[in-house]
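Colleague: What follows is the file protein-v6.tsv, containing TSV, C-alpha atoms:
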chain	number	residue	atom	x	y	z
V	279	MET	CA	-10.99	-15.72	40.18
V	280	LYS	CA	-12.47	-13.89	37.21
V	281	LYS	CA	-9.96	-11.06	37.41
V	282	ALA	CA	-7.01	-13.31	36.78
V	283	TYR	CA	-8.28	-13.97	33.27
V	284	ILE	CA	-8.31	-10.33	32.21
V	285	PRO	CA	-4.62	-10.15	31.20
V	286	LEU	CA	-5.04	-13.45	29.37
V	287	ALA	CA	-8.04	-12.06	27.49
V	288	ILE	CA	-6.13	-8.91	26.52
V	289	PHE	CA	-3.21	-11.05	25.41
V	290	LEU	CA	-5.46	-13.23	23.25
V	291	VAL	CA	-7.03	-10.17	21.60
V	292	LEU	CA	-3.53	-8.91	20.80
V	293	VAL	CA	-2.55	-12.29	19.39
V	294	VAL	CA	-5.60	-12.25	17.10
V	295	PHE	CA	-4.78	-8.74	15.86
V	296	LEU	CA	-1.15	-9.64	15.22
V	297	ALA	CA	-2.08	-12.91	13.51
V	298	VAL	CA	-4.44	-11.09	11.14
V	299	GLY	CA	-1.70	-8.51	10.55
V	300	LEU	CA	0.74	-11.24	9.55
V	301	THR	CA	-1.53	-12.52	6.80
V	302	ARG	CA	-1.63	-9.11	5.13
V	303	ASP	CA	0.97	-7.96	2.66
V	304	PRO	CA	2.05	-4.39	3.42
V	305	ARG	CA	3.10	-4.03	-0.21
V	306	GLU	CA	-0.48	-4.45	-1.33
V	307	ILE	CA	-2.02	-1.02	-1.26
V	308	PRO	CA	-5.70	-1.14	-2.17
V	309	SER	CA	-6.38	0.89	-5.29
V	310	PRO	CA	-8.92	3.71	-5.03
V	311	LEU	CA	-9.56	3.29	-8.76
V	312	ILE	CA	-11.60	0.09	-8.50
V	313	GLY	CA	-15.18	0.82	-9.55
V	314	LYS	CA	-14.05	4.04	-11.21
V	315	PRO	CA	-13.53	4.79	-14.90
V	316	ALA	CA	-10.11	3.85	-16.20
V	317	PRO	CA	-8.04	6.96	-16.90
V	318	ASP	CA	-7.89	8.12	-20.51
V	319	PHE	CA	-4.74	7.32	-22.39
V	320	THR	CA	-3.26	7.58	-25.86
V	321	ALA	CA	-0.23	5.37	-26.23
V	322	PRO	CA	2.05	4.51	-29.14
V	323	VAL	CA	1.89	0.89	-30.28
V	324	LEU	CA	5.18	-0.84	-29.55
V	325	ASP	CA	5.77	-2.47	-32.91
V	326	LYS	CA	4.07	0.29	-34.93
V	327	PRO	CA	5.26	3.54	-33.34
V	328	ASP	CA	3.22	5.64	-35.79
V	329	SER	CA	-0.12	4.29	-34.63
V	330	VAL	CA	-1.68	4.77	-31.22
V	331	LEU	CA	-4.12	2.95	-28.98
V	332	THR	CA	-6.62	4.91	-26.88
V	333	LYS	CA	-9.05	4.00	-24.16
V	334	LYS	CA	-11.91	4.54	-26.63
V	335	ASP	CA	-10.61	1.75	-28.87
V	336	MET	CA	-11.29	-0.71	-26.07
V	337	LEU	CA	-14.82	0.41	-25.11
V	338	GLY	CA	-17.44	-2.33	-25.49
V	339	LYS	CA	-14.99	-5.06	-24.56
V	340	VAL	CA	-13.95	-6.63	-21.30
V	341	TRP	CA	-10.16	-6.44	-21.40
V	342	LEU	CA	-7.03	-6.77	-19.33
V	343	LEU	CA	-4.32	-4.15	-19.03
V	344	ASN	CA	-1.08	-5.79	-17.94
V	345	THR	CA	1.85	-3.57	-17.01
V	346	TRP	CA	5.28	-5.09	-17.60
V	347	ALA	CA	8.83	-4.18	-18.57
V	348	SER	CA	11.86	-5.94	-19.96
V	349	TRP	CA	13.80	-5.02	-16.80
V	350	CYS	CA	11.13	-6.47	-14.48
V	351	VAL	CA	12.10	-9.78	-12.91
V	352	ALA	CA	8.69	-10.67	-11.50
V	353	CYS	CA	7.20	-10.14	-14.98
V	354	ARG	CA	9.24	-13.03	-16.29
V	355	GLU	CA	7.68	-15.24	-13.66
V	356	GLU	CA	4.19	-14.13	-14.66
V	357	HIS	CA	4.76	-14.17	-18.39
V	358	PRO	CA	4.26	-17.89	-19.18
V	359	LEU	CA	0.92	-17.78	-17.35
V	360	LEU	CA	-0.20	-14.85	-19.49
V	361	VAL	CA	0.94	-16.60	-22.66
V	362	GLU	CA	-1.15	-19.64	-21.64
V	363	PHE	CA	-4.12	-17.46	-20.73
V	364	ALA	CA	-3.90	-15.59	-24.04
V	365	LYS	CA	-4.20	-18.91	-25.91
V	366	THR	CA	-7.68	-19.40	-24.44
V	367	LYS	CA	-8.74	-16.18	-26.21
V	368	THR	CA	-10.92	-15.27	-23.23
V	369	ILE	CA	-10.32	-11.51	-23.41
V	370	PRO	CA	-8.00	-9.14	-25.23
V	371	ILE	CA	-4.84	-8.44	-23.25
V	372	ILE	CA	-3.11	-5.11	-23.72
V	373	GLY	CA	0.49	-4.94	-22.52
V	374	LEU	CA	1.73	-1.62	-21.16
V	375	ASP	CA	5.52	-1.54	-21.46
V	376	TYR	CA	6.31	0.57	-18.39
V	377	LYS	CA	9.43	2.76	-18.35
V	378	ASP	CA	11.23	0.74	-20.95
V	379	LYS	CA	13.05	1.23	-24.21
V	380	ASP	CA	10.79	0.13	-27.06
V	381	ALA	CA	13.54	-1.98	-28.61
V	382	ASP	CA	14.18	-3.80	-25.31
V	383	GLY	CA	10.48	-4.48	-24.88
V	384	LEU	CA	10.14	-5.90	-28.39
V	385	LYS	CA	13.22	-8.07	-27.92
V	386	TRP	CA	11.80	-9.39	-24.67
V	387	LEU	CA	8.48	-10.30	-26.32
V	388	ALA	CA	10.27	-12.03	-29.20
V	389	ARG	CA	12.22	-14.07	-26.70
V	390	TYR	CA	9.56	-15.02	-24.14
V	391	GLY	CA	6.44	-15.01	-26.35
V	392	ASN	CA	3.83	-12.35	-26.91
V	393	PRO	CA	0.50	-12.76	-25.10
V	394	TYR	CA	-0.67	-9.27	-26.00
V	395	ASP	CA	-3.23	-8.33	-28.61
V	396	VAL	CA	-1.54	-4.94	-28.62
V	397	ALA	CA	1.56	-3.89	-26.71
V	398	ILE	CA	1.80	-0.18	-26.01
V	399	ALA	CA	4.63	1.97	-24.70
V	400	ASP	CA	4.61	4.06	-21.53
V	401	ARG	CA	8.14	5.41	-21.80
V	402	ASP	CA	7.94	8.02	-19.05
V	403	ALA	CA	5.45	6.28	-16.68
V	404	LYS	CA	2.75	8.90	-17.33
V	405	ILE	CA	0.03	6.33	-18.06
V	406	GLY	CA	1.23	4.11	-15.24
V	407	ILE	CA	0.94	6.96	-12.74
V	408	ASN	CA	-2.61	7.70	-13.88
V	409	PHE	CA	-3.47	4.07	-13.20
V	410	GLY	CA	-1.78	4.25	-9.79
V	411	VAL	CA	0.93	1.75	-10.74
V	412	TYR	CA	3.68	1.61	-8.13
V	413	GLY	CA	5.47	-1.57	-9.08
V	414	VAL	CA	5.22	-3.71	-12.19
V	415	PRO	CA	3.69	-6.14	-12.81
V	416	GLU	CA	0.23	-4.89	-12.03
V	417	SER	CA	-2.90	-5.70	-14.02
V	418	PHE	CA	-6.31	-4.12	-14.38
V	419	LEU	CA	-9.50	-5.79	-15.55
V	420	ILE	CA	-11.64	-3.22	-17.33
V	421	ASP	CA	-15.29	-3.75	-18.26
V	422	LYS	CA	-17.27	-2.83	-21.36
V	423	ALA	CA	-18.04	0.65	-20.04
V	424	GLY	CA	-14.38	1.33	-19.29
V	425	ILE	CA	-14.68	0.87	-15.52
V	426	ILE	CA	-11.82	-0.78	-13.62
V	427	ARG	CA	-13.23	-3.89	-11.91
V	428	TYR	CA	-10.22	-5.67	-10.51
V	429	LYS	CA	-6.57	-5.00	-9.89
V	430	GLN	CA	-3.93	-7.67	-9.57
V	431	ILE	CA	-0.99	-6.28	-7.60
V	432	GLY	CA	2.17	-8.16	-8.41
V	433	PRO	CA	2.40	-11.13	-10.74
V	434	PHE	CA	-0.64	-13.21	-11.58
V	435	THR	CA	-0.60	-16.70	-10.17
V	436	GLU	CA	-2.38	-19.71	-11.58
V	437	GLU	CA	-4.85	-19.51	-8.69
V	438	ALA	CA	-5.50	-15.79	-9.20
V	439	ILE	CA	-6.27	-16.33	-12.89
V	440	ARG	CA	-8.47	-19.37	-12.22
V	441	ASP	CA	-10.29	-18.22	-9.08
V	442	LYS	CA	-10.50	-14.45	-9.48
V	443	LEU	CA	-9.90	-13.29	-13.03
V	444	ILE	CA	-11.83	-15.84	-15.08
V	445	PRO	CA	-15.01	-15.87	-12.91
V	446	LEU	CA	-15.07	-12.07	-12.93
V	447	VAL	CA	-14.57	-11.97	-16.71
V	448	ARG	CA	-17.49	-14.38	-17.16
V	449	GLU	CA	-19.67	-12.22	-14.97
V	450	LEU	CA	-18.73	-9.01	-16.78
V	451	GLN	CA	-19.14	-10.48	-20.24
V	452	GLN	CA	-22.81	-11.26	-19.66
P	185	MET	CA	44.07	-1.91	-0.51
P	186	LYS	CA	43.02	1.09	1.55
P	187	PHE	CA	43.79	3.35	-1.34
P	188	TRP	CA	41.56	1.37	-3.67
P	189	LEU	CA	38.77	1.33	-1.15
P	190	ALA	CA	39.03	5.08	-0.75
P	191	LEU	CA	39.04	5.48	-4.51
P	192	LEU	CA	35.99	3.26	-4.79
P	193	LEU	CA	34.16	5.34	-2.19
P	194	CYS	CA	35.07	8.55	-3.98
P	195	TRP	CA	33.91	7.11	-7.25
P	196	GLN	CA	30.62	6.05	-5.69
P	197	SER	CA	29.96	9.46	-4.22
P	198	LEU	CA	30.67	10.98	-7.62
P	199	GLY	CA	28.11	8.61	-9.06
P	200	PHE	CA	25.50	9.75	-6.57
P	201	ALA	CA	26.28	13.39	-7.22
P	202	ALA	CA	25.70	12.85	-10.91
P	203	ASP	CA	22.36	11.16	-10.19
P	204	ALA	CA	20.99	14.04	-8.16
P	205	PRO	CA	18.35	15.93	-10.11
P	206	ALA	CA	19.03	19.56	-10.89
P	207	LEU	CA	17.81	21.44	-7.84
P	208	ALA	CA	18.54	24.91	-9.14
P	209	ASP	CA	16.03	24.57	-11.97
P	210	ASP	CA	13.56	26.79	-10.22
P	211	PRO	CA	14.17	27.28	-6.50
P	212	VAL	CA	10.58	28.36	-5.80
P	213	VAL	CA	9.11	25.26	-7.41
P	214	GLU	CA	11.69	23.07	-5.68
P	215	GLN	CA	10.87	24.56	-2.28
P	216	ARG	CA	7.17	23.93	-2.71
P	217	LEU	CA	7.89	20.46	-4.03
P	218	ILE	CA	9.86	19.59	-0.91
P	219	ALA	CA	7.19	21.04	1.38
P	220	ILE	CA	4.48	18.96	-0.30
P	221	ALA	CA	6.53	15.83	-0.81
P	222	GLU	CA	7.54	15.63	2.85
P	223	ASP	CA	3.92	14.90	3.76
P	224	LEU	CA	3.67	12.15	1.15
P	225	ARG	CA	4.76	8.57	1.35
P	226	CYS	CA	6.92	6.87	-1.23
P	227	LEU	CA	4.94	3.78	-2.23
P	228	VAL	CA	7.96	1.65	-3.00
P	229	CYS	CA	9.97	2.23	0.18
P	230	GLN	CA	7.10	2.90	2.48
P	231	ASN	CA	9.06	4.38	5.36
P	232	GLU	CA	10.50	7.14	3.23
P	233	SER	CA	8.81	10.35	2.22
P	234	LEU	CA	8.39	11.26	-1.40
P	235	ALA	CA	10.85	14.10	-0.78
P	236	GLY	CA	13.63	11.84	0.48
P	237	SER	CA	13.24	8.69	-1.57
P	238	ARG	CA	15.58	7.68	-4.36
P	239	ALA	CA	13.20	5.13	-5.84
P	240	GLU	CA	12.40	5.45	-9.52
P	241	LEU	CA	8.72	5.89	-8.80
P	242	ALA	CA	9.47	8.71	-6.36
P	243	ASN	CA	11.50	10.43	-9.06
P	244	ASP	CA	8.61	10.16	-11.50
P	245	LEU	CA	6.08	11.35	-8.94
P	246	ARG	CA	8.26	14.32	-8.04
P	247	ARG	CA	8.36	15.15	-11.73
P	248	GLU	CA	4.56	15.02	-11.86
P	249	VAL	CA	4.27	17.21	-8.76
P	250	ARG	CA	6.74	19.69	-10.27
P	251	GLU	CA	4.61	19.89	-13.40
P	252	LEU	CA	1.46	20.40	-11.35
P	253	ILE	CA	3.14	23.19	-9.38
P	254	ARG	CA	4.20	24.88	-12.62
P	255	SER	CA	0.67	24.63	-13.98
P	256	GLY	CA	-0.51	26.60	-10.95
P	257	LYS	CA	-2.23	23.90	-8.91
P	258	SER	CA	-2.69	24.41	-5.16
P	259	ASP	CA	-1.13	22.08	-2.58
P	260	LYS	CA	-4.54	20.60	-1.89
P	261	GLU	CA	-5.15	19.88	-5.56
P	262	ILE	CA	-1.75	18.23	-5.90
P	263	LYS	CA	-2.38	15.97	-2.91
P	264	GLU	CA	-5.80	15.12	-4.35
P	265	PHE	CA	-4.13	14.16	-7.63
P	266	LEU	CA	-2.02	11.59	-5.80
P	267	VAL	CA	-4.79	10.37	-3.48
P	268	ASN	CA	-7.05	9.76	-6.48
P	269	ARG	CA	-4.43	7.46	-7.94
P	270	TYR	CA	-2.79	5.84	-4.94
P	271	GLY	CA	-5.35	6.22	-2.15
P	272	ASP	CA	-5.09	7.76	1.31
P	273	PHE	CA	-2.02	5.62	1.90
P	274	VAL	CA	0.20	8.22	0.19
P	275	LEU	CA	-0.66	10.73	2.92
P	276	TYR	CA	1.42	10.52	6.08
P	277	GLN	CA	-1.43	12.30	7.83
P	278	PRO	CA	-4.58	10.36	6.98
P	279	PRO	CA	-7.85	12.34	6.71
P	280	VAL	CA	-10.45	12.08	9.49
P	281	LYS	CA	-13.38	10.06	8.12
P	282	PRO	CA	-15.49	7.13	9.38
P	283	THR	CA	-12.98	4.50	8.23
P	284	THR	CA	-10.14	6.22	10.07
P	285	TRP	CA	-12.05	7.08	13.27
P	286	LEU	CA	-10.56	4.09	15.06
P	287	LEU	CA	-7.09	5.23	14.01
P	288	TRP	CA	-7.60	8.81	15.12
P	289	PHE	CA	-9.66	8.34	18.28
P	290	GLY	CA	-8.71	4.79	19.32
P	291	PRO	CA	-5.67	5.87	21.36
P	292	LEU	CA	-7.75	8.55	23.11
P	293	VAL	CA	-10.43	5.99	23.99
P	294	LEU	CA	-7.75	3.65	25.36
P	295	LEU	CA	-6.26	6.48	27.40
P	296	LEU	CA	-9.65	7.46	28.87
P	297	GLY	CA	-10.33	3.78	29.66
P	298	ALA	CA	-6.99	3.50	31.43
P	299	ILE	CA	-7.63	6.66	33.46
P	300	TRP	CA	-11.05	5.37	34.49
P	301	LEU	CA	-9.53	2.04	35.60
P	302	LEU	CA	-6.79	3.84	37.51
P	303	ILE	CA	-9.25	6.08	39.37
P	304	ARG	CA	-11.48	3.14	40.19
P	305	THR	CA	-8.58	1.10	41.54
P	306	ILE	CA	-7.27	3.98	43.65
P	307	ARG	CA	-10.72	4.64	45.12
P	308	ARG	CA	-11.16	0.98	45.97
P	309	THR	CA	-7.84	0.58	47.73
P	310	GLN	CA	-8.46	3.82	49.62
P	311	ALA	CA	-11.90	2.67	50.74
P	312	GLU	CA	-10.46	-0.67	51.85
P	313	SER	CA	-7.64	0.86	53.85
P	314	GLN	CA	-9.94	3.41	55.53
P	315	SER	CA	-12.66	1.06	56.72
P	316	PRO	CA	-11.38	-1.01	59.71
P	317	ALA	CA	-11.89	-4.70	59.42
P	318	VAL	CA	-15.22	-5.42	61.04
P	319	LEU	CA	-16.28	-8.97	61.77
P	320	ASP	CA	-19.87	-9.98	62.18
P	321	PRO	CA	-20.71	-12.06	65.28
P	322	GLU	CA	-20.53	-15.32	63.41
P	323	GLN	CA	-17.04	-14.58	62.06
P	324	ARG	CA	-15.96	-13.39	65.48
P	325	ALA	CA	-17.06	-16.66	67.05
P	326	LYS	CA	-15.20	-18.63	64.41
P	327	ALA	CA	-12.05	-16.61	64.99
P	328	GLN	CA	-12.37	-17.12	68.72
P	329	ALA	CA	-12.69	-20.85	68.24
P	330	LEU	CA	-9.60	-20.94	66.05
P	331	LEU	CA	-7.58	-19.00	68.55
P	332	GLN	CA	-8.62	-21.27	71.39
P	333	GLU	CA	-7.79	-24.32	69.36
P	334	ASN	CA	-4.39	-22.84	68.78
P	335	ASP	CA	-3.86	-22.21	72.47
P	336	SER	CA	-4.96	-25.69	73.53
P	337	SER	CA	-2.65	-27.39	71.03
P	338	LYS	CA	0.43	-25.73	72.58
Please lay out the structure from this file as structure tokens.
Modeller:
Amino acid sequence: MKKAYIPLAIFLVLVVFLAVGLTRDPREIPSPLIGKPAPDFTAPVLDKPDSVLTKKDMLGKVWLLNTWASWCVACREEHPLLVEFAKTKTIPIIGLDYKDKDADGLKWLARYGNPYDVAIADRDAKIGINFGVYGVPESFLIDKAGIIRYKQIGPFTEEAIRDKLIPLVRELQQ
Amino acid sequence: MKFWLALLLCWQSLGFAADAPALADDPVVEQRLIAIAEDLRCLVCQNESLAGSRAELANDLRREVRELIRSGKSDKEIKEFLVNRYGDFVLYQPPVKPTTWLLWFGPLVLLLGAIWLLIRTIRRTQAESQSPAVLDPEQRAKAQALLQENDSSK
């Protein structure tokens, strides 16, 4: 009987949908900013509060914007990986200290190591909101023309750096 | 013990009261903020609206929306501001566009499919019950044979 298999077929379709659903992380909200110009910003430098860094300063380079904070637990997990990655001098890494006290951020960097070429302060989350940050750590790979090419939601993993970030950097640097 | 618990509860509620942002700042702005923020999702606690969430991010986003209201932006422009940064996901009512067609019209298609199946099944059962069982000569002969066999075995 062909008809007897219909409920089974419907059930299997449901199972496939649910199985695919399980592999997706509901916390990962795709960013609409990928492929679009990074928002303009002017941010005070963490250890030199009188000087600022702007988006223009970074034009012509492929660079990584990493959002972090001294109060962020997942950042501590990610941090050693960034320190290692920074040693390879592949690209400049700019650290955006999100909703933090400057002094706390500096203390944190002194304690856990500083992978950043420049660390900048986003005391009231204004820059973070323009980048669509909803939970640190988040990172953005920005190309020479200032276009956002990749967003890492949550902490970087060894695999993400090796399999996604580095190949993309190589491609964009050419 | 009870007394201390009660005290603790009181103290906690005081704490919350102190946290609450000043609502009376500008009642008109606040009213518009609530109207807009109720249609928006808090990205940290995704089942809460931006109006009701206590998450830090929701606080900051409400502050942004407040500023946009004060600078004279329309509701549509404010929602666009957030969609440009966080995507359609911030809207509790997603826009109708090709990628959301399945979401918007899928249930309707399923409903129409179910109605069609229901009608077909009803018609079939009706047709079956109305037409008397008719046997062709061959079947009739077979039935006869079976009945006779039955009789002779008694």
Colleague: Between P:Ala242, P:Cys229, P:Val267, P:Ala329, which is the closest to Asn408 (chain V) once you count all atoms listed in the file?
Modeller: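 Closest residue, counting all atoms listed in the file: P:Val267.
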Colleague: Residues at most 12 Å from Asp380 (chain V), counting all atoms listed in the file, excluding those fewer than 4 positions away in the same chain, as a list in words?
Modeller: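 Once the adjacent positions are removed, what remains is Pro322, Val323, Leu324, Asp325, Lys326, Pro327, Ala347, Ser348, Trp349, Leu374, Asp375, Tyr376, Leu384, Lys385, Trp386, Leu387, Ala397, Ile398, Ala399, Asp400, Arg401 and Asp402 of chain V.
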Colleague: Using all atoms listed in the file, find which residues of chain P lie within 9 Å of chain V and jot them down as number ranges by chain.
Modeller: P: 227-228, 230, 241, 244-245, 248, 266-273
Colleague: Would you kindly return, as a PyMOL selection string, each protein, DNA or RNA residue with an atom no farther than 12 Å from any atom of Phe363 (chain V), considering only C-alpha atoms and excluding same-chain residues fewer than 6 positions away?
Modeller: chain V and resi 342+356-357+369-371+392-394+434-436+438-440+443-444
Colleague: Tell me which of V:Val414, V:Ala321, V:Val340, V:Ile405 sits closest to Arg354 (chain V), counting all atoms listed in the file.
Modeller: V:Val414
Colleague: Pick from P:Ile253, P:Leu292, P:Leu224, P:Ala311: nearest to Asp210 (chain P), with all atoms listed in the file counted?
Modeller: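 Of all the options, P:Ile253 lies closest to Asp210 (chain P).
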Colleague: Could you work out how far CA of Ser258 (chain P) lies from CA of Pro211 (chain P), giving the answer in Å with one decimal?
Modeller: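 So the answer is 17.2 Å.
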Colleague: Measure the distance from CA of Val213 (chain P) to CA of Phe319 (chain V) in Å and round it to one decimal.
Modeller: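 According to the coordinates, CA of Val213 (chain P) and CA of Phe319 (chain V) are separated by 27.2 Å.
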Colleague: Report the distance between CA of Glu312 (chain P) and CA of Gln332 (chain P) in Å, rounded to one decimal place.
Modeller: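 About the pair CA of Glu312 (chain P) and CA of Gln332 (chain P): they are 28.5 Å apart.
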Colleague: Kindly indicate which residue among P:Ile299, P:Leu294, P:Leu331, P:Ala219 lies nearest to Lys263 (chain P), using only C-alpha atoms for the distances.
Modeller: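 For Lys263 (chain P), the nearest of the given residues is P:Ala219.
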Colleague: Would you mind telling me which residue in V:Leu337, V:Leu286, V:Ala352, V:Leu292 lies nearest to Ile425 (chain V) when using all atoms listed in the file?
Modeller: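 Smallest distance to Ile425 (chain V) is found for V:Leu337.
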Colleague: Centre and edge lengths, as lines of an AutoDock Vina configuration file, for the axis-aligned box enclosing every listed atom of region 295-298 of chain P with 5 Å of padding on each of the six sides, in Å to one decimal?
Modeller:
center_x = -8.3
center_y = 5.5
center_z = 29.4
size_x = 14.1
size_y = 14.0
size_z = 14.0
Colleague: Pick out the residues sitting within 12 Å of Ala221 (chain P), and hand them over as a CSV table (one decimal) with C-alpha atoms, keeping the file's coordinate frame; count all atoms listed in the file, and ignore anything fewer than 6 positions along from it in its own chain.
Modeller:
chain,number,residue,atom,x,y,z
P,213,VAL,CA,9.1,25.3,-7.4
P,214,GLU,CA,11.7,23.1,-5.7
P,215,GLN,CA,10.9,24.6,-2.3
P,232,GLU,CA,10.5,7.1,3.2
P,233,SER,CA,8.8,10.4,2.2
P,234,LEU,CA,8.4,11.3,-1.4
P,235,ALA,CA,10.8,14.1,-0.8
P,236,GLY,CA,13.6,11.8,0.5
P,237,SER,CA,13.2,8.7,-1.6
P,242,ALA,CA,9.5,8.7,-6.4
P,243,ASN,CA,11.5,10.4,-9.1
P,245,LEU,CA,6.1,11.4,-8.9
P,246,ARG,CA,8.3,14.3,-8.0
P,247,ARG,CA,8.4,15.2,-11.7
P,248,GLU,CA,4.6,15.0,-11.9
P,249,VAL,CA,4.3,17.2,-8.8
P,250,ARG,CA,6.7,19.7,-10.3
P,253,ILE,CA,3.1,23.2,-9.4
P,259,ASP,CA,-1.1,22.1,-2.6
P,262,ILE,CA,-1.8,18.2,-5.9
P,263,LYS,CA,-2.4,16.0,-2.9
P,266,LEU,CA,-2.0,11.6,-5.8
P,274,VAL,CA,0.2,8.2,0.2
P,275,LEU,CA,-0.7,10.7,2.9
P,276,TYR,CA,1.4,10.5,6.1
Colleague: Could region 349-360 of chain V be written out with N, CA and C atoms, as an mmCIF file, in the first residue's frame, please?
Modeller:
data_model
loop_
_atom_site.group_PDB
_atom_site.id
_atom_site.type_symbol
_atom_site.label_atom_id
_atom_site.label_comp_id
_atom_site.auth_asym_id
_atom_site.auth_seq_id
_atom_site.Cartn_x
_atom_site.Cartn_y
_atom_site.Cartn_z
ATOM 1 N N TRP V 349 34.966 43.031 31.450
ATOM 2 C CA TRP V 349 33.938 42.291 32.186
ATOM 3 C C TRP V 349 33.433 41.064 31.414
ATOM 4 N N CYS V 350 33.973 40.858 30.214
ATOM 5 C CA CYS V 350 33.436 39.817 29.315
ATOM 6 C C CYS V 350 34.179 38.505 29.532
ATOM 7 N N VAL V 351 33.417 37.481 29.930
ATOM 8 C CA VAL V 351 34.050 36.203 30.288
ATOM 9 C C VAL V 351 34.531 35.458 29.045
ATOM 10 N N ALA V 352 33.688 35.471 28.000
ATOM 11 C CA ALA V 352 34.051 34.742 26.781
ATOM 12 C C ALA V 352 35.292 35.349 26.131
ATOM 13 N N CYS V 353 35.524 36.661 26.386
ATOM 14 C CA CYS V 353 36.694 37.320 25.797
ATOM 15 C C CYS V 353 37.977 36.717 26.354
ATOM 16 N N ARG V 354 37.920 36.310 27.601
ATOM 17 C CA ARG V 354 39.115 35.762 28.231
ATOM 18 C C ARG V 354 39.496 34.443 27.575
ATOM 19 N N GLU V 355 38.463 33.716 27.153
ATOM 20 C CA GLU V 355 38.652 32.452 26.461
ATOM 21 C C GLU V 355 39.327 32.692 25.103
ATOM 22 N N GLU V 356 38.874 33.767 24.444
ATOM 23 C CA GLU V 356 39.339 34.053 23.089
ATOM 24 C C GLU V 356 40.725 34.688 23.101
ATOM 25 N N HIS V 357 41.021 35.385 24.181
ATOM 26 C CA HIS V 357 42.189 36.260 24.211
ATOM 27 C C HIS V 357 43.518 35.583 23.861
ATOM 28 N N PRO V 358 43.846 34.431 24.459
ATOM 29 C CA PRO V 358 45.130 33.803 24.127
ATOM 30 C C PRO V 358 45.272 33.512 22.634
ATOM 31 N N LEU V 359 44.155 33.159 21.990
ATOM 32 C CA LEU V 359 44.188 32.881 20.554
ATOM 33 C C LEU V 359 44.542 34.142 19.781
ATOM 34 N N LEU V 360 43.985 35.272 20.213
ATOM 35 C CA LEU V 360 44.277 36.543 19.541
ATOM 36 C C LEU V 360 45.733 36.946 19.761
#
